[in-house]
Amino acid sequence: MPAVLAAQVLAQLPQTQCRRCGYSDCAAYAEAIAKGSAAINQCPPGGAQGIERLAAVTGRPIVALNPVHGSEGPLRLAFIDEAWCIGCTLCIKVCPTDAIMGSNKLMHTVIETYCTGCELCLPVCPVDCIELENVSGTASGWAAWSPRQANLAHTRYEFHQLRGTREAIESEFRLEQKRDVIEAALERARLKPKIGSGPAENPPPGRRKDD
């Protein structure tokens with residue numbers, strides 16, 4: 001079944017959620033592989049060993065990493081130059097594992113343990129204060145990444161998604177409440193008698209209404 005295979009494939013991916021494979025996240029890529037619409041060589045963070053793992057699960061032949069999606073390299077984590085950070089929160093919004101802490105107009109910092117090196121924060125930073133630093137030396141792919149780190153990243157990404165869904169629901173609920181308040185106010189205004197809208201008084205004797 002495609003769903004079962006997708007789960008097996010997902011378990012072999014590094015969970016960096018970097019989108020370099022061309023899909024929105026690791027789960028979407030896994031589903032595409034299971035359906036046969038994506039190749040197993042589109043994940044640079046997994047590298048050559050990742051392709052071997054996917055080949056073992058899918059039964060497909062081992063092939064080289066497709067350079068269109070990038071190249072295998074060391075684990076590079078994000079670091080923020082706090083002296084230049086303007087606190088715009090754009091990086092916080094795109095981080096798939098909530099690895100960036102900070103508030104609006106206050107400096108941000110990266111929690112190294114939670115960072116996957118996805119690089120999604122780089123293009124959104126308006127002052128280019130985020131850099132990537134090699135933390136694995138010459139080790140690359142799964143040699144620079146561990147199953148424990150992948151499991152942690154997967155758990156944090158799921159929490160990130162749930163939080164986003166909850167915030168969207170709460171936002172819609174607040175908008176609905178606001179709409180109800182506005183509609184109630186409009187209805188009260190509609191039912192309220194207008195000034196001067198009462199019955200016209202009879203004109204004095206000998207005078208017409210239009211005098």
# chains A, B, ... in the order shown; residues from 1 in each chain; ligands from 1
call {"tool": "select_by_dssp", "arguments": {"residues": "segment 33-99 of chain A", "states": "alpha helix (DSSP H)", "output": "list in words"}}
result
Ile33, Ala34, Lys35, Gly47, Ala48, Gln49, Gly50, Ile51, Glu52, Arg53, Leu54, Ala55, Ala56, Val57, Thr58, Leu90, Cys91, Ile92, Lys93 and Val94 of chain A
call {"tool": "write_last_selection", "arguments": {"atoms": "C-alpha atoms", "output": "compact mmCIF listing (two decimals), in the first residue's frame"}}
result
# COMPACT_ATOMS: atom_id res chain seq x y z
CA ILE A 33 8.35 8.42 -3.78
CA ALA A 34 5.72 5.92 -2.65
CA LYS A 35 3.45 6.91 -5.55
CA GLY A 47 23.41 12.10 0.64
CA ALA A 48 24.65 8.84 -0.84
CA GLN A 49 23.81 6.84 2.27
CA GLY A 50 20.31 8.26 2.25
CA ILE A 51 19.85 7.05 -1.32
CA GLU A 52 21.04 3.59 -0.26
CA ARG A 53 18.51 3.57 2.57
CA LEU A 54 15.70 4.60 0.23
CA ALA A 55 16.76 2.01 -2.34
CA ALA A 56 16.59 -0.72 0.31
CA VAL A 57 13.04 0.29 1.25
CA THR A 58 11.67 0.83 -2.25
CA LEU A 90 10.56 36.58 9.60
CA CYS A 91 13.09 33.83 10.31
CA ILE A 92 11.01 32.60 13.25
CA LYS A 93 7.98 32.18 11.03
CA VAL A 94 9.75 30.02 8.44
call {"tool": "residues_around", "arguments": {"residues": "Ala30 of chain A", "least_positions_apart": "4", "cutoff": "10 Å", "atoms": "only C-alpha atoms", "output": "ChimeraX atom specification"}}
result
/A:2-3,5-13,23,25-26,34-36,38-40,54
call {"tool": "write_last_selection", "arguments": {"atoms": "N, CA and C atoms", "output": "PDB file, in the first residue's frame"}}
result
ATOM      1  N   PRO A   2       0.515   2.266  -0.790  1.00  0.00           N
ATOM      2  CA  PRO A   2       1.326   3.493  -0.846  1.00  0.00           C
ATOM      3  C   PRO A   2       1.504   4.165   0.507  1.00  0.00           C
ATOM      4  N   ALA A   3       0.465   4.140   1.341  1.00  0.00           N
ATOM      5  CA  ALA A   3       0.564   4.799   2.649  1.00  0.00           C
ATOM      6  C   ALA A   3       1.603   4.124   3.532  1.00  0.00           C
ATOM      7  N   LEU A   5       4.188   2.286   2.453  1.00  0.00           N
ATOM      8  CA  LEU A   5       5.501   2.556   1.871  1.00  0.00           C
ATOM      9  C   LEU A   5       5.935   3.989   2.160  1.00  0.00           C
ATOM     10  N   ALA A   6       4.997   4.932   2.105  1.00  0.00           N
ATOM     11  CA  ALA A   6       5.329   6.334   2.390  1.00  0.00           C
ATOM     12  C   ALA A   6       5.859   6.479   3.810  1.00  0.00           C
ATOM     13  N   ALA A   7       5.266   5.766   4.757  1.00  0.00           N
ATOM     14  CA  ALA A   7       5.728   5.816   6.153  1.00  0.00           C
ATOM     15  C   ALA A   7       7.120   5.214   6.276  1.00  0.00           C
ATOM     16  N   GLN A   8       7.366   4.131   5.538  1.00  0.00           N
ATOM     17  CA  GLN A   8       8.684   3.498   5.580  1.00  0.00           C
ATOM     18  C   GLN A   8       9.744   4.411   4.963  1.00  0.00           C
ATOM     19  N   VAL A   9       9.382   5.064   3.866  1.00  0.00           N
ATOM     20  CA  VAL A   9      10.304   5.992   3.219  1.00  0.00           C
ATOM     21  C   VAL A   9      10.585   7.179   4.129  1.00  0.00           C
ATOM     22  N   LEU A  10       9.532   7.715   4.733  1.00  0.00           N
ATOM     23  CA  LEU A  10       9.685   8.877   5.617  1.00  0.00           C
ATOM     24  C   LEU A  10      10.665   8.582   6.747  1.00  0.00           C
ATOM     25  N   ALA A  11      10.637   7.360   7.251  1.00  0.00           N
ATOM     26  CA  ALA A  11      11.522   6.982   8.354  1.00  0.00           C
ATOM     27  C   ALA A  11      12.988   6.964   7.931  1.00  0.00           C
ATOM     28  N   GLN A  12      13.248   6.934   6.628  1.00  0.00           N
ATOM     29  CA  GLN A  12      14.628   6.911   6.141  1.00  0.00           C
ATOM     30  C   GLN A  12      15.144   8.295   5.772  1.00  0.00           C
ATOM     31  N   LEU A  13      14.288   9.299   5.833  1.00  0.00           N
ATOM     32  CA  LEU A  13      14.691  10.661   5.484  1.00  0.00           C
ATOM     33  C   LEU A  13      15.204  11.396   6.724  1.00  0.00           C
ATOM     34  N   TYR A  23       9.842  19.384  -2.684  1.00  0.00           N
ATOM     35  CA  TYR A  23       8.533  19.210  -2.046  1.00  0.00           C
ATOM     36  C   TYR A  23       8.457  20.041  -0.766  1.00  0.00           C
ATOM     37  N   ASP A  25       7.820  19.335   2.316  1.00  0.00           N
ATOM     38  CA  ASP A  25       8.473  18.784   3.503  1.00  0.00           C
ATOM     39  C   ASP A  25       8.852  17.332   3.230  1.00  0.00           C
ATOM     40  N   CYS A  26       9.469  16.697   4.214  1.00  0.00           N
ATOM     41  CA  CYS A  26       9.918  15.316   4.036  1.00  0.00           C
ATOM     42  C   CYS A  26       8.750  14.363   3.798  1.00  0.00           C
ATOM     43  N   ALA A  34       6.594   7.081  -2.772  1.00  0.00           N
ATOM     44  CA  ALA A  34       5.719   5.919  -2.646  1.00  0.00           C
ATOM     45  C   ALA A  34       4.775   5.794  -3.843  1.00  0.00           C
ATOM     46  N   LYS A  35       4.361   6.924  -4.389  1.00  0.00           N
ATOM     47  CA  LYS A  35       3.454   6.911  -5.548  1.00  0.00           C
ATOM     48  C   LYS A  35       4.193   6.744  -6.870  1.00  0.00           C
ATOM     49  N   GLY A  36       5.523   6.824  -6.816  1.00  0.00           N
ATOM     50  CA  GLY A  36       6.312   6.665  -8.017  1.00  0.00           C
ATOM     51  C   GLY A  36       6.489   7.929  -8.825  1.00  0.00           C
ATOM     52  N   ALA A  38       8.340  10.575  -7.767  1.00  0.00           N
ATOM     53  CA  ALA A  38       9.612  11.222  -7.409  1.00  0.00           C
ATOM     54  C   ALA A  38      10.698  10.165  -7.321  1.00  0.00           C
ATOM     55  N   ALA A  39      11.904  10.564  -7.663  1.00  0.00           N
ATOM     56  CA  ALA A  39      13.052   9.657  -7.582  1.00  0.00           C
ATOM     57  C   ALA A  39      13.598   9.617  -6.160  1.00  0.00           C
ATOM     58  N   ILE A  40      14.449   8.656  -5.890  1.00  0.00           N
ATOM     59  CA  ILE A  40      14.993   8.505  -4.533  1.00  0.00           C
ATOM     60  C   ILE A  40      16.300   9.277  -4.347  1.00  0.00           C
ATOM     61  N   LEU A  54      16.948   4.539   0.982  1.00  0.00           N
ATOM     62  CA  LEU A  54      15.697   4.596   0.233  1.00  0.00           C
ATOM     63  C   LEU A  54      15.613   3.465  -0.790  1.00  0.00           C
TER      64      LEU A  54
END
call {"tool": "closest_residue", "arguments": {"among": "A:Gly164, A:Pro74, A:Gly87, A:Pro126", "to": "Met107 of chain A", "atoms": "only C-alpha atoms"}}
result
A:Gly87
call {"tool": "atom_distance", "arguments": {"atom1": "atom CA of Lys105 of chain A", "atom2": "atom CA of Leu122 of chain A"}}
result
18.2 Å
call {"tool": "select_by_dssp", "arguments": {"residues": "segment 19-84 of chain A", "states": "strand (DSSP E or B)", "output": "MDAnalysis selection string"}}
result
chainID A and resid 74 76:80
call {"tool": "atom_distance", "arguments": {"atom1": "atom CA of Ala32 of chain A", "atom2": "atom CA of Ser146 of chain A"}}
result
23.9 Å
call {"tool": "closest_residue", "arguments": {"among": "A:Gly117, A:Pro147, A:Pro14, A:Pro44", "to": "Glu131 of chain A", "atoms": "only C-alpha atoms"}}
result
A:Gly117
call {"tool": "residues_around", "arguments": {"residues": "Glu119 of chain A", "least_positions_apart": "2", "cutoff": "12 Å", "atoms": "only C-alpha atoms", "output": "short mmCIF file (atom, residue, chain, number, x, y, z; two decimals) with N, CA and C atoms, in the first residue's frame"}}
result
data_model
loop_
_atom_site.label_atom_id
_atom_site.label_comp_id
_atom_site.auth_asym_id
_atom_site.auth_seq_id
_atom_site.Cartn_x
_atom_site.Cartn_y
_atom_site.Cartn_z
N THR A 16 15.05 17.09 7.79
CA THR A 16 15.52 18.48 7.86
C THR A 16 14.46 19.46 7.38
N GLN A 17 13.47 18.98 6.63
CA GLN A 17 12.37 19.82 6.11
C GLN A 17 12.92 20.99 5.29
N CYS A 18 13.98 20.74 4.54
CA CYS A 18 14.67 21.82 3.84
C CYS A 18 14.05 22.18 2.49
N ARG A 19 13.21 21.30 1.94
CA ARG A 19 12.52 21.52 0.67
C ARG A 19 13.43 21.45 -0.55
N ARG A 20 14.69 21.09 -0.36
CA ARG A 20 15.59 20.99 -1.51
C ARG A 20 15.20 19.85 -2.45
N PRO A 45 20.60 16.42 2.01
CA PRO A 45 21.02 16.15 3.39
C PRO A 45 21.24 14.67 3.68
N LEU A 75 27.16 19.08 7.79
CA LEU A 75 26.04 19.71 8.50
C LEU A 75 26.41 21.14 8.83
N ARG A 76 25.61 22.06 8.35
CA ARG A 76 25.85 23.48 8.62
C ARG A 76 24.64 24.04 9.34
N LEU A 77 24.84 24.59 10.51
CA LEU A 77 23.76 25.14 11.32
C LEU A 77 23.74 26.66 11.22
N ALA A 78 22.57 27.21 11.45
CA ALA A 78 22.38 28.66 11.35
C ALA A 78 22.83 29.35 12.62
N PHE A 79 23.45 30.51 12.43
CA PHE A 79 23.84 31.36 13.55
C PHE A 79 23.46 32.80 13.19
N CYS A 91 12.40 35.12 10.22
CA CYS A 91 13.09 33.83 10.31
C CYS A 91 12.35 32.88 11.25
N VAL A 94 9.45 31.05 9.44
CA VAL A 94 9.75 30.02 8.44
C VAL A 94 10.51 28.83 9.01
N CYS A 95 11.01 28.92 10.22
CA CYS A 95 11.79 27.83 10.80
C CYS A 95 10.88 26.62 11.05
N PRO A 96 11.16 25.48 10.43
CA PRO A 96 10.26 24.33 10.54
C PRO A 96 10.32 23.60 11.88
N THR A 97 11.34 23.86 12.67
CA THR A 97 11.47 23.17 13.95
C THR A 97 11.45 24.13 15.14
N ALA A 99 13.41 26.52 15.91
CA ALA A 99 14.75 26.56 16.50
C ALA A 99 15.24 27.98 16.76
N CYS A 115 18.21 23.14 15.44
CA CYS A 115 18.44 23.57 14.06
C CYS A 115 18.78 22.37 13.18
N THR A 116 18.20 22.30 11.99
CA THR A 116 18.48 21.21 11.05
C THR A 116 19.34 21.66 9.88
N GLY A 117 19.67 22.94 9.85
CA GLY A 117 20.45 23.45 8.73
C GLY A 117 19.65 23.53 7.44
N CYS A 121 15.76 30.07 6.60
CA CYS A 121 15.80 31.38 7.24
C CYS A 121 16.67 32.37 6.46
N LEU A 122 17.57 31.87 5.64
CA LEU A 122 18.51 32.76 4.94
C LEU A 122 17.84 33.74 3.99
N PRO A 123 16.99 33.29 3.07
CA PRO A 123 16.43 34.23 2.09
C PRO A 123 15.44 35.23 2.65
N VAL A 124 14.86 34.95 3.83
CA VAL A 124 13.85 35.87 4.36
C VAL A 124 14.45 36.97 5.23
N CYS A 125 15.70 36.83 5.64
CA CYS A 125 16.33 37.84 6.51
C CYS A 125 16.62 39.10 5.72
N ILE A 130 22.13 36.24 9.14
CA ILE A 130 22.17 34.82 9.46
C ILE A 130 23.25 34.14 8.61
N GLU A 131 24.09 33.37 9.23
CA GLU A 131 25.14 32.64 8.54
C GLU A 131 25.06 31.15 8.89
N LEU A 132 25.61 30.32 8.02
CA LEU A 132 25.69 28.89 8.27
C LEU A 132 27.13 28.52 8.60
N GLU A 133 27.29 27.73 9.64
CA GLU A 133 28.63 27.32 10.05
C GLU A 133 28.73 25.80 10.04
#
call {"tool": "closest_residue", "arguments": {"among": "A:Gly102, A:Tyr114, A:His108, A:Thr138", "to": "Tyr157 of chain A", "atoms": "only C-alpha atoms"}}
result
A:Tyr114
call {"tool": "closest_residue", "arguments": {"among": "A:Ser24, A:Thr113, A:Ala83, A:Cys88", "to": "Ala150 of chain A", "atoms": "only C-alpha atoms"}}
result
A:Thr113
call {"tool": "atom_distance", "arguments": {"atom1": "atom CA of Glu176 of chain A", "atom2": "atom CA of Leu162 of chain A"}}
result
21.0 Å
call {"tool": "decode", "arguments": {"residues": "segment 37-75 of chain A", "atoms": "N, CA and C atoms", "output": "JSON list (two decimals), in the first residue's frame"}}
result
[["chain", "number", "residue", "atom", "x", "y", "z"],
["A", 37, "SER", "N", 6.12, 9.07, -8.26],
["A", 37, "SER", "CA", 6.23, 10.34, -8.98],
["A", 37, "SER", "C", 7.50, 11.11, -8.64],
["A", 38, "ALA", "N", 8.34, 10.58, -7.77],
["A", 38, "ALA", "CA", 9.61, 11.22, -7.41],
["A", 38, "ALA", "C", 10.70, 10.17, -7.32],
["A", 39, "ALA", "N", 11.90, 10.56, -7.66],
["A", 39, "ALA", "CA", 13.05, 9.66, -7.58],
["A", 39, "ALA", "C", 13.60, 9.62, -6.16],
["A", 40, "ILE", "N", 14.45, 8.66, -5.89],
["A", 40, "ILE", "CA", 14.99, 8.51, -4.53],
["A", 40, "ILE", "C", 16.30, 9.28, -4.35],
["A", 41, "ASN", "N", 16.69, 10.06, -5.35],
["A", 41, "ASN", "CA", 17.98, 10.76, -5.29],
["A", 41, "ASN", "C", 17.82, 12.27, -5.27],
["A", 42, "GLN", "N", 16.82, 12.75, -4.53],
["A", 42, "GLN", "CA", 16.54, 14.18, -4.49],
["A", 42, "GLN", "C", 16.78, 14.82, -3.13],
["A", 43, "CYS", "N", 17.45, 14.11, -2.22],
["A", 43, "CYS", "CA", 17.64, 14.61, -0.85],
["A", 43, "CYS", "C", 19.11, 14.83, -0.55],
["A", 44, "PRO", "N", 19.63, 16.03, -0.74],
["A", 44, "PRO", "CA", 21.04, 16.33, -0.44],
["A", 44, "PRO", "C", 21.43, 16.07, 1.02],
["A", 45, "PRO", "N", 20.60, 16.42, 2.01],
["A", 45, "PRO", "CA", 21.02, 16.15, 3.39],
["A", 45, "PRO", "C", 21.24, 14.67, 3.68],
["A", 46, "GLY", "N", 20.47, 13.80, 3.01],
["A", 46, "GLY", "CA", 20.66, 12.36, 3.21],
["A", 46, "GLY", "C", 21.89, 11.84, 2.50],
["A", 47, "GLY", "N", 22.22, 12.48, 1.38],
["A", 47, "GLY", "CA", 23.41, 12.10, 0.64],
["A", 47, "GLY", "C", 23.36, 10.70, 0.06],
["A", 48, "ALA", "N", 24.54, 10.17, -0.22],
["A", 48, "ALA", "CA", 24.65, 8.84, -0.84],
["A", 48, "ALA", "C", 24.08, 7.75, 0.07],
["A", 49, "GLN", "N", 24.34, 7.85, 1.36],
["A", 49, "GLN", "CA", 23.81, 6.84, 2.27],
["A", 49, "GLN", "C", 22.29, 6.92, 2.34],
["A", 50, "GLY", "N", 21.77, 8.12, 2.25],
["A", 50, "GLY", "CA", 20.31, 8.26, 2.25],
["A", 50, "GLY", "C", 19.69, 7.59, 1.04],
["A", 51, "ILE", "N", 20.35, 7.70, -0.11],
["A", 51, "ILE", "CA", 19.85, 7.05, -1.32],
["A", 51, "ILE", "C", 19.88, 5.53, -1.15],
["A", 52, "GLU", "N", 20.94, 5.02, -0.52],
["A", 52, "GLU", "CA", 21.04, 3.59, -0.26],
["A", 52, "GLU", "C", 19.90, 3.13, 0.65],
["A", 53, "ARG", "N", 19.60, 3.92, 1.65],
["A", 53, "ARG", "CA", 18.51, 3.57, 2.57],
["A", 53, "ARG", "C", 17.17, 3.55, 1.85],
["A", 54, "LEU", "N", 16.95, 4.54, 0.98],
["A", 54, "LEU", "CA", 15.70, 4.60, 0.23],
["A", 54, "LEU", "C", 15.61, 3.47, -0.79],
["A", 55, "ALA", "N", 16.74, 3.11, -1.38],
["A", 55, "ALA", "CA", 16.76, 2.01, -2.34],
["A", 55, "ALA", "C", 16.39, 0.70, -1.65],
["A", 56, "ALA", "N", 16.88, 0.51, -0.42],
["A", 56, "ALA", "CA", 16.59, -0.72, 0.31],
["A", 56, "ALA", "C", 15.10, -0.83, 0.64],
["A", 57, "VAL", "N", 14.46, 0.29, 0.90],
["A", 57, "VAL", "CA", 13.04, 0.29, 1.25],
["A", 57, "VAL", "C", 12.15, 0.14, 0.02],
["A", 58, "THR", "N", 12.53, 0.81, -1.05],
["A", 58, "THR", "CA", 11.67, 0.83, -2.25],
["A", 58, "THR", "C", 11.99, -0.26, -3.26],
["A", 59, "GLY", "N", 13.17, -0.84, -3.16],
["A", 59, "GLY", "CA", 13.57, -1.84, -4.14],
["A", 59, "GLY", "C", 14.08, -1.24, -5.44],
["A", 60, "ARG", "N", 14.28, 0.06, -5.45],
["A", 60, "ARG", "CA", 14.79, 0.71, -6.66],
["A", 60, "ARG", "C", 16.31, 0.65, -6.68],
["A", 61, "PRO", "N", 16.91, 0.80, -7.85],
["A", 61, "PRO", "CA", 18.38, 0.77, -7.94],
["A", 61, "PRO", "C", 19.01, 2.01, -7.34],
["A", 62, "ILE", "N", 20.22, 1.84, -6.82],
["A", 62, "ILE", "CA", 20.97, 2.97, -6.26],
["A", 62, "ILE", "C", 21.49, 3.83, -7.41],
["A", 63, "VAL", "N", 21.26, 5.12, -7.31],
["A", 63, "VAL", "CA", 21.72, 6.08, -8.32],
["A", 63, "VAL", "C", 22.41, 7.23, -7.62],
["A", 64, "ALA", "N", 23.10, 8.05, -8.39],
["A", 64, "ALA", "CA", 23.80, 9.20, -7.82],
["A", 64, "ALA", "C", 22.82, 10.30, -7.47],
["A", 65, "LEU", "N", 23.21, 11.14, -6.51],
["A", 65, "LEU", "CA", 22.39, 12.28, -6.12],
["A", 65, "LEU", "C", 22.19, 13.21, -7.31],
["A", 66, "ASN", "N", 20.97, 13.61, -7.54],
["A", 66, "ASN", "CA", 20.66, 14.52, -8.65],
["A", 66, "ASN", "C", 21.19, 15.92, -8.31],
["A", 67, "PRO", "N", 22.14, 16.43, -9.08],
["A", 67, "PRO", "CA", 22.73, 17.75, -8.76],
["A", 67, "PRO", "C", 21.76, 18.91, -8.87],
["A", 68, "VAL", "N", 20.62, 18.68, -9.52],
["A", 68, "VAL", "CA", 19.60, 19.72, -9.62],
["A", 68, "VAL", "C", 19.12, 20.13, -8.22],
["A", 69, "HIS", "N", 19.15, 19.19, -7.29],
["A", 69, "HIS", "CA", 18.65, 19.44, -5.93],
["A", 69, "HIS", "C", 19.75, 19.84, -4.96],
["A", 70, "GLY", "N", 20.98, 19.90, -5.41],
["A", 70, "GLY", "CA", 22.08, 20.30, -4.55],
["A", 70, "GLY", "C", 23.12, 19.21, -4.44],
["A", 71, "SER", "N", 24.05, 19.40, -3.56],
["A", 71, "SER", "CA", 25.13, 18.42, -3.38],
["A", 71, "SER", "C", 25.23, 18.03, -1.91],
["A", 72, "GLU", "N", 25.75, 16.85, -1.68],
["A", 72, "GLU", "CA", 25.96, 16.38, -0.31],
["A", 72, "GLU", "C", 27.07, 17.19, 0.33],
["A", 73, "GLY", "N", 26.89, 17.53, 1.58],
["A", 73, "GLY", "CA", 27.90, 18.32, 2.26],
["A", 73, "GLY", "C", 27.82, 18.16, 3.76],
["A", 74, "PRO", "N", 28.66, 18.85, 4.50],
["A", 74, "PRO", "CA", 28.66, 18.75, 5.96],
["A", 74, "PRO", "C", 27.41, 19.38, 6.56],
["A", 75, "LEU", "N", 27.16, 19.08, 7.79],
["A", 75, "LEU", "CA", 26.04, 19.71, 8.50],
["A", 75, "LEU", "C", 26.41, 21.14, 8.83]]
